[in-house]
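S.K.: Below you will find the structure I want to go over with you.
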Amino acid sequence: MIFQRAALREFANTAFAVFVALFAIMLTTQLIRLLGQAAGGTLASEAVVALLGFGAINYLPVLLSLTLFISVLMTLSRSYRDSEMIVWFSCGLPLTSWVRPVLIFATPLVLMIAVLSLFLSPWALSKSAEYRQKMESRDDVSSVSPGAFKESAAADRVFFVEAIAGDEGRVRNVFISSVQHGRLGVMAAARGRQETLPNGDRFLVLEDGRRYEGTPGQADYRVMQFERYAVRVETREAKGIEETPKSLPLWDLLKTPSLPNLGELLWRLGIPLAALNLALLAVPLSFVNPRAGRTNNLIFALLVYMIYSNLVSVSQAWVSQGRLSFEIGIWLVHVVMFVLLLALFSRRLMVFSWVRLWR
C-alpha cells in the first residue's frame, strides 16, 4: 500500500537522523569522561579509543531502543501536524492500520537490540575490563610516551624520553628522577634501551650519561659519569579480572541462576521487549492537534519512556535483592505497559468514532 511504503521510508530516514544525533551525544560524553581519566593518570592515553569503542557497543541496545521510539513518534506526529492523518482516515484507514508498518519497521531493530543486549554488550564489557587490566599491569617503562613526563606507579620515579630512535625499542635523550634512601637522584643519558635477562628480570639500560645524587637544600651533591647504567624495572603483578553479572555471557547466567544473575538476565531480556512495546506505544502517543502545539504530547511521551525504563530497572533491582521472583518480574512491567497500550488505542479509537458520528 502507498501509505505503508511512505511510512516505512519516513521511519527509516527519521531513525537514521535520530540515531546519528544520539550516537554523537553518547560518544562525546564518553570521550570527555575517558579523557578526564587519562589526564588524571588513571587511564593510559592509548587506551581511550579502544575503551570508547567497547563503551559504544555496550550502549547500543539502549540507543537503538530510544531511536525506534522517537522515530515512530516523530513521524506520526508530523503526519498529524501536516494533516496527512486526516487524509488517511478519510480514506477509511483506522489508527490500528499503522500497527502493521510499525511492526515491519521495528522487527529488524528489535532483533538487533536482542542480539546486542544478550551477547555483544556483555562481551564488550568483558573486553573493556580485560583491556583496562592489561593497561594497568604494564610496567612503568612500557607506558612512557616520547615527549611526556611519566610518574611510576609507586610515585618514586619520573621518566622522560625525548624521542624513539630505531625500531628496536631504543630511545634517545633519557631523563630519570628517582628517590632512593631519602636521597634524590637525577640521571640524564644520551641513549637507552630495555634489556631482559635469561631469568626474566628486566632492566632499563642507559648509555653515555651522568647521575646527580644528593639531598635537596644541601651542597653534598655527587656527580657520576657512566658509559652504561642499568635500572631494574619492577613488573606489576597482574590482577585478576573481576567478573560481574553485567559482563558474564548468557550461558553463564543460565547455568548459575543466582539472584544477581537473574536480575541481569531480566534486564537483558527486558530491553528488546521494551523496545517493541515502545514502538507500538508511539502510535497512540503521537496524536497532535494541528491547531495546537505538540509540546504537551512530546513531554507525555518522554515521561512514558522514562517511567517504563525506570520500572524495568526497579524490577531488576528487586529480583537481584530477592524481593521479587524472576518469573513475575520478567513479564510484570511489560504486561502493564501493554495494557496501557491497549487503553490508549481504545481511547483514541473512541475519540475518532465520536468525531465521525458528529460529522
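By convention in this document, the chains of the C-alpha cells carry letters A, B, ... by their order, each chain's residues are numbered from 1, and ligands are numbered from 1 in the order they are shown.
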Report as a CSV table (one decimal) with C-alpha atoms, in the first residue's frame all protein, DNA and RNA residues lying within 12 Å of Ala38 in chain A, evaluated on only C-alpha atoms, omitting residues in the same chain fewer than 4 positions from it.

M.R.:
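Heads up, here's the output in result06.csv:
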```csv
chain,number,residue,atom,x,y,z
A,31,LEU,CA,35.1,10.7,25.3
A,32,ILE,CA,35.1,13.5,27.8
A,33,ARG,CA,34.9,11.0,30.7
A,34,LEU,CA,37.8,8.9,29.3
A,42,THR,CA,44.2,6.6,36.0
A,43,LEU,CA,44.0,5.6,32.3
A,44,ALA,CA,46.6,5.2,29.6
A,45,SER,CA,46.1,7.6,26.8
A,46,GLU,CA,46.4,4.9,24.1
A,47,ALA,CA,43.5,3.0,25.7
A,48,VAL,CA,41.0,5.8,25.1
A,49,VAL,CA,40.0,4.8,21.6
A,51,LEU,CA,37.5,1.7,25.5
A,132,ARG,CA,41.9,-2.0,31.4
A,135,MET,CA,47.0,-1.5,30.6
```

S.K.: Can you pull out every residue within 7 Å of range 182-191 of chain A, counting only C-alpha atoms, but drop anything in the same chain fewer than 3 positions away, and send it as number ranges by chain?

M.R.: A: 171-179, 206-215

S.K.: Set the distance at 12 Å and use only C-alpha atoms: which residues neighbour Phe338 in chain A once local chain neighbours fewer than 2 positions away are removed? I'd like the list as a PyMOL selection string.

M.R.: chain A and resi 273-281+308+331-336+340-345

S.K.: For the residues selected in the previous step, produce a file with N, CA and C atoms as a PDB file, in the first residue's frame.

M.R.:
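out_30.pdb written:
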```pdb
ATOM      1  N   LEU A 273      12.108  -6.366  24.668  1.00  0.00           N
ATOM      2  CA  LEU A 273      10.662  -6.344  24.912  1.00  0.00           C
ATOM      3  C   LEU A 273      10.156  -4.920  25.085  1.00  0.00           C
ATOM      4  N   ALA A 274      10.913  -4.102  25.806  1.00  0.00           N
ATOM      5  CA  ALA A 274      10.526  -2.706  25.982  1.00  0.00           C
ATOM      6  C   ALA A 274      10.579  -1.953  24.663  1.00  0.00           C
ATOM      7  N   ALA A 275      11.560  -2.262  23.822  1.00  0.00           N
ATOM      8  CA  ALA A 275      11.663  -1.584  22.526  1.00  0.00           C
ATOM      9  C   ALA A 275      10.436  -1.863  21.666  1.00  0.00           C
ATOM     10  N   LEU A 276       9.969  -3.110  21.664  1.00  0.00           N
ATOM     11  CA  LEU A 276       8.772  -3.452  20.880  1.00  0.00           C
ATOM     12  C   LEU A 276       7.532  -2.758  21.438  1.00  0.00           C
ATOM     13  N   ASN A 277       7.375  -2.769  22.756  1.00  0.00           N
ATOM     14  CA  ASN A 277       6.234  -2.090  23.370  1.00  0.00           C
ATOM     15  C   ASN A 277       6.263  -0.591  23.100  1.00  0.00           C
ATOM     16  N   LEU A 278       7.446   0.010  23.174  1.00  0.00           N
ATOM     17  CA  LEU A 278       7.561   1.450  22.966  1.00  0.00           C
ATOM     18  C   LEU A 278       7.245   1.838  21.527  1.00  0.00           C
ATOM     19  N   ALA A 279       7.655   0.991  20.575  1.00  0.00           N
ATOM     20  CA  ALA A 279       7.335   1.283  19.177  1.00  0.00           C
ATOM     21  C   ALA A 279       5.829   1.314  18.947  1.00  0.00           C
ATOM     22  N   LEU A 280       5.100   0.389  19.583  1.00  0.00           N
ATOM     23  CA  LEU A 280       3.638   0.387  19.444  1.00  0.00           C
ATOM     24  C   LEU A 280       2.992   1.501  20.260  1.00  0.00           C
ATOM     25  N   LEU A 281       3.586   1.824  21.414  1.00  0.00           N
ATOM     26  CA  LEU A 281       3.054   2.921  22.220  1.00  0.00           C
ATOM     27  C   LEU A 281       3.162   4.255  21.499  1.00  0.00           C
ATOM     28  N   TYR A 308       8.784   3.800  31.997  1.00  0.00           N
ATOM     29  CA  TYR A 308       8.985   2.418  31.543  1.00  0.00           C
ATOM     30  C   TYR A 308      10.409   1.960  31.853  1.00  0.00           C
ATOM     31  N   TRP A 331       7.808 -10.467  33.282  1.00  0.00           N
ATOM     32  CA  TRP A 331       6.680 -10.056  32.442  1.00  0.00           C
ATOM     33  C   TRP A 331       5.829  -8.950  33.050  1.00  0.00           C
ATOM     34  N   LEU A 332       5.965  -8.671  34.351  1.00  0.00           N
ATOM     35  CA  LEU A 332       5.042  -7.771  35.033  1.00  0.00           C
ATOM     36  C   LEU A 332       5.019  -6.378  34.396  1.00  0.00           C
ATOM     37  N   VAL A 333       6.163  -5.737  34.268  1.00  0.00           N
ATOM     38  CA  VAL A 333       6.209  -4.366  33.748  1.00  0.00           C
ATOM     39  C   VAL A 333       5.749  -4.316  32.301  1.00  0.00           C
ATOM     40  N   HIS A 334       6.144  -5.296  31.506  1.00  0.00           N
ATOM     41  CA  HIS A 334       5.799  -5.270  30.082  1.00  0.00           C
ATOM     42  C   HIS A 334       4.298  -5.505  29.874  1.00  0.00           C
ATOM     43  N   VAL A 335       3.708  -6.347  30.703  1.00  0.00           N
ATOM     44  CA  VAL A 335       2.259  -6.564  30.596  1.00  0.00           C
ATOM     45  C   VAL A 335       1.503  -5.301  30.999  1.00  0.00           C
ATOM     46  N   VAL A 336       1.969  -4.641  32.055  1.00  0.00           N
ATOM     47  CA  VAL A 336       1.328  -3.392  32.484  1.00  0.00           C
ATOM     48  C   VAL A 336       1.384  -2.349  31.368  1.00  0.00           C
ATOM     49  N   LEU A 340      -1.594  -0.591  29.108  1.00  0.00           N
ATOM     50  CA  LEU A 340      -1.664   0.849  28.845  1.00  0.00           C
ATOM     51  C   LEU A 340      -1.743   1.127  27.349  1.00  0.00           C
ATOM     52  N   LEU A 341      -1.007   0.351  26.567  1.00  0.00           N
ATOM     53  CA  LEU A 341      -1.060   0.490  25.106  1.00  0.00           C
ATOM     54  C   LEU A 341      -2.470   0.237  24.583  1.00  0.00           C
ATOM     55  N   LEU A 342      -3.095  -0.840  25.037  1.00  0.00           N
ATOM     56  CA  LEU A 342      -4.463  -1.144  24.609  1.00  0.00           C
ATOM     57  C   LEU A 342      -5.434  -0.055  25.046  1.00  0.00           C
ATOM     58  N   ALA A 343      -5.241   0.480  26.255  1.00  0.00           N
ATOM     59  CA  ALA A 343      -6.125   1.541  26.736  1.00  0.00           C
ATOM     60  C   ALA A 343      -5.978   2.799  25.892  1.00  0.00           C
ATOM     61  N   LEU A 344      -4.758   3.150  25.527  1.00  0.00           N
ATOM     62  CA  LEU A 344      -4.555   4.330  24.693  1.00  0.00           C
ATOM     63  C   LEU A 344      -5.144   4.144  23.302  1.00  0.00           C
ATOM     64  N   PHE A 345      -4.980   2.953  22.727  1.00  0.00           N
ATOM     65  CA  PHE A 345      -5.581   2.674  21.419  1.00  0.00           C
ATOM     66  C   PHE A 345      -7.105   2.761  21.523  1.00  0.00           C
TER      67      PHE A 345
END
```

S.K.: Please return as a PyMOL selection string: the residues of range 172-326 of chain A that backbone DSSP assigns to strand (DSSP E).

M.R.: chain A and resi 172-180+183-196+202-214+222-233

S.K.: Hey, can you spit out that residue selection with N, CA and C atoms as a CSV table (one decimal), in the first residue's frame?

M.R.:
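Saved as part.csv:
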```
chain,number,residue,atom,x,y,z
A,172,ARG,N,66.3,8.0,22.8
A,172,ARG,CA,67.4,9.0,23.0
A,172,ARG,C,67.0,10.1,23.9
A,173,ASN,N,68.0,10.7,24.6
A,173,ASN,CA,67.8,11.8,25.5
A,173,ASN,C,66.8,11.4,26.6
A,174,VAL,N,67.3,10.5,27.5
A,174,VAL,CA,66.5,10.0,28.6
A,174,VAL,C,66.8,10.7,29.9
A,175,PHE,N,65.7,11.0,30.6
A,175,PHE,CA,65.8,11.7,31.9
A,175,PHE,C,65.0,10.9,32.9
A,176,ILE,N,65.7,10.6,34.0
A,176,ILE,CA,65.1,9.8,35.1
A,176,ILE,C,65.4,10.5,36.4
A,177,SER,N,64.3,10.8,37.2
A,177,SER,CA,64.5,11.3,38.5
A,177,SER,C,63.9,10.3,39.5
A,178,SER,N,64.7,9.9,40.5
A,178,SER,CA,64.3,8.9,41.4
A,178,SER,C,64.7,9.3,42.9
A,179,VAL,N,64.0,8.7,43.8
A,179,VAL,CA,64.4,8.9,45.3
A,179,VAL,C,64.7,7.5,45.8
A,180,GLN,N,65.9,7.4,46.4
A,180,GLN,CA,66.4,6.2,47.0
A,180,GLN,C,67.0,6.5,48.3
A,183,ARG,N,67.4,10.1,49.3
A,183,ARG,CA,68.3,11.0,48.5
A,183,ARG,C,67.8,11.0,47.1
A,184,LEU,N,67.8,12.2,46.6
A,184,LEU,CA,67.3,12.4,45.2
A,184,LEU,C,68.4,12.2,44.2
A,185,GLY,N,68.0,11.4,43.2
A,185,GLY,CA,69.0,11.1,42.1
A,185,GLY,C,68.4,11.4,40.8
A,186,VAL,N,69.2,12.1,40.0
A,186,VAL,CA,68.8,12.5,38.6
A,186,VAL,C,69.8,12.0,37.6
A,187,MET,N,69.2,11.3,36.6
A,187,MET,CA,70.1,10.7,35.6
A,187,MET,C,69.7,11.3,34.2
A,188,ALA,N,70.7,11.6,33.4
A,188,ALA,CA,70.4,12.1,32.0
A,188,ALA,C,71.4,11.3,31.2
A,189,ALA,N,70.8,10.6,30.1
A,189,ALA,CA,71.6,9.8,29.2
A,189,ALA,C,71.3,10.1,27.8
A,190,ALA,N,72.3,9.9,26.9
A,190,ALA,CA,72.1,10.1,25.5
A,190,ALA,C,71.2,9.1,24.9
A,191,ARG,N,71.3,7.8,25.3
A,191,ARG,CA,70.6,6.7,24.7
A,191,ARG,C,70.1,5.8,25.8
A,192,GLY,N,69.1,5.0,25.5
A,192,GLY,CA,68.6,4.0,26.4
A,192,GLY,C,67.9,2.9,25.7
A,193,ARG,N,67.7,1.7,26.3
A,193,ARG,CA,67.0,0.6,25.8
A,193,ARG,C,66.6,-0.3,26.9
A,194,GLN,N,65.7,-1.2,26.6
A,194,GLN,CA,65.2,-2.2,27.6
A,194,GLN,C,66.0,-3.5,27.3
A,195,GLU,N,66.3,-4.2,28.4
A,195,GLU,CA,67.1,-5.5,28.3
A,195,GLU,C,66.5,-6.5,29.2
A,196,THR,N,66.3,-7.7,28.8
A,196,THR,CA,65.7,-8.8,29.6
A,196,THR,C,66.7,-9.9,29.8
A,202,ARG,N,64.0,-7.6,34.1
A,202,ARG,CA,64.0,-6.6,33.1
A,202,ARG,C,64.8,-5.3,33.6
A,203,PHE,N,65.6,-4.7,32.7
A,203,PHE,CA,66.4,-3.6,33.1
A,203,PHE,C,66.2,-2.5,32.0
A,204,LEU,N,66.3,-1.3,32.5
A,204,LEU,CA,66.4,-0.1,31.6
A,204,LEU,C,67.9,0.2,31.5
A,205,VAL,N,68.5,0.1,30.4
A,205,VAL,CA,70.0,0.3,30.3
A,205,VAL,C,70.2,1.7,29.6
A,206,LEU,N,70.9,2.5,30.4
A,206,LEU,CA,71.2,3.9,29.9
A,206,LEU,C,72.7,3.9,29.5
A,207,GLU,N,73.0,4.7,28.4
A,207,GLU,CA,74.3,4.7,27.9
A,207,GLU,C,74.7,6.2,27.7
A,208,ASP,N,76.0,6.4,28.1
A,208,ASP,CA,76.6,7.8,27.9
A,208,ASP,C,75.8,8.8,28.6
A,209,GLY,N,75.9,8.8,29.9
A,209,GLY,CA,75.2,9.8,30.7
A,209,GLY,C,75.8,10.2,32.0
A,210,ARG,N,75.1,10.9,32.8
A,210,ARG,CA,75.5,11.4,34.1
A,210,ARG,C,74.4,11.1,35.1
A,211,ARG,N,74.9,11.0,36.4
A,211,ARG,CA,74.0,10.8,37.5
A,211,ARG,C,74.3,11.8,38.6
A,212,TYR,N,73.3,12.6,39.0
A,212,TYR,CA,73.5,13.6,40.1
A,212,TYR,C,72.7,13.1,41.3
A,213,GLU,N,73.4,13.0,42.4
A,213,GLU,CA,72.8,12.4,43.6
A,213,GLU,C,73.0,13.3,44.8
A,214,GLY,N,72.0,13.6,45.6
A,214,GLY,CA,72.2,14.4,46.8
A,214,GLY,C,70.9,14.7,47.5
A,222,ARG,N,76.8,14.6,44.5
A,222,ARG,CA,77.8,13.8,43.9
A,222,ARG,C,77.4,13.7,42.4
A,223,VAL,N,78.4,13.8,41.5
A,223,VAL,CA,78.2,13.7,40.1
A,223,VAL,C,79.0,12.5,39.6
A,224,MET,N,78.3,11.6,38.9
A,224,MET,CA,79.0,10.4,38.3
A,224,MET,C,78.7,10.4,36.9
A,225,GLN,N,79.7,10.1,36.1
A,225,GLN,CA,79.6,9.9,34.7
A,225,GLN,C,79.7,8.4,34.3
A,226,PHE,N,78.9,7.9,33.5
A,226,PHE,CA,78.9,6.5,33.2
A,226,PHE,C,78.7,6.3,31.7
A,227,GLU,N,79.2,5.1,31.3
A,227,GLU,CA,79.0,4.7,29.9
A,227,GLU,C,77.8,3.7,29.8
A,228,ARG,N,77.6,3.0,30.9
A,228,ARG,CA,76.4,2.1,30.9
A,228,ARG,C,75.9,2.0,32.3
A,229,TYR,N,74.6,2.2,32.5
A,229,TYR,CA,73.9,2.2,33.8
A,229,TYR,C,72.6,1.5,33.6
A,230,ALA,N,72.4,0.5,34.5
A,230,ALA,CA,71.2,-0.4,34.4
A,230,ALA,C,70.3,-0.1,35.6
A,231,VAL,N,69.0,0.2,35.3
A,231,VAL,CA,68.0,0.4,36.3
A,231,VAL,C,67.0,-0.7,36.2
A,232,ARG,N,66.7,-1.4,37.3
A,232,ARG,CA,65.8,-2.5,37.3
A,232,ARG,C,64.4,-2.0,37.1
A,233,VAL,N,63.6,-2.7,36.3
A,233,VAL,CA,62.2,-2.3,36.1
A,233,VAL,C,61.3,-3.3,36.8
```

S.K.: Which neighbours of range 86-90 of chain A fall inside 8 Å, counting only C-alpha atoms, when residues of the same chain fewer than 5 positions from it are skipped, and could you give them as a compact mmCIF listing (two decimals) with C-alpha atoms, in the first residue's frame?

M.R.:
```txt
# COMPACT_ATOMS: atom_id res chain seq x y z
CA PHE A 3 0.80 4.74 2.93
CA TYR A 80 -0.88 14.74 12.40
CA LEU A 95 -5.49 4.06 13.59
```

S.K.: CA of Phe160 in chain A and CA of Pro146 in chain A, how far apart in Å?

M.R.: 7.2 Å

S.K.: Identify, with DSSP run on backbone atoms, the residues in range 235-355 of chain A assigned to helix (DSSP H, G or I), and express the list as a ChimeraX atom specification.

M.R.: /A:245-247,250-255,259-285,295-321,326-355

S.K.: Taking only C-alpha atoms into account, which of A:Val304, A:Ala50, A:Leu311, A:Val115 comes nearest Arg268 in chain A?

M.R.: A:Val115

S.K.: Could you check how far CA of Ala15 in chain A sits from CA of Leu63 in chain A, in Å to one decimal?

M.R.: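 Going from CA of Ala15 in chain A over to CA of Leu63 in chain A covers 10.9 Å.
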
S.K.: Just the number, please: distance in Å from CA of Ser313 in chain A to CA of Leu64 in chain A, one decimal.

M.R.: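 Result for CA of Ser313 in chain A versus CA of Leu64 in chain A: 17.6 Å, one decimal.
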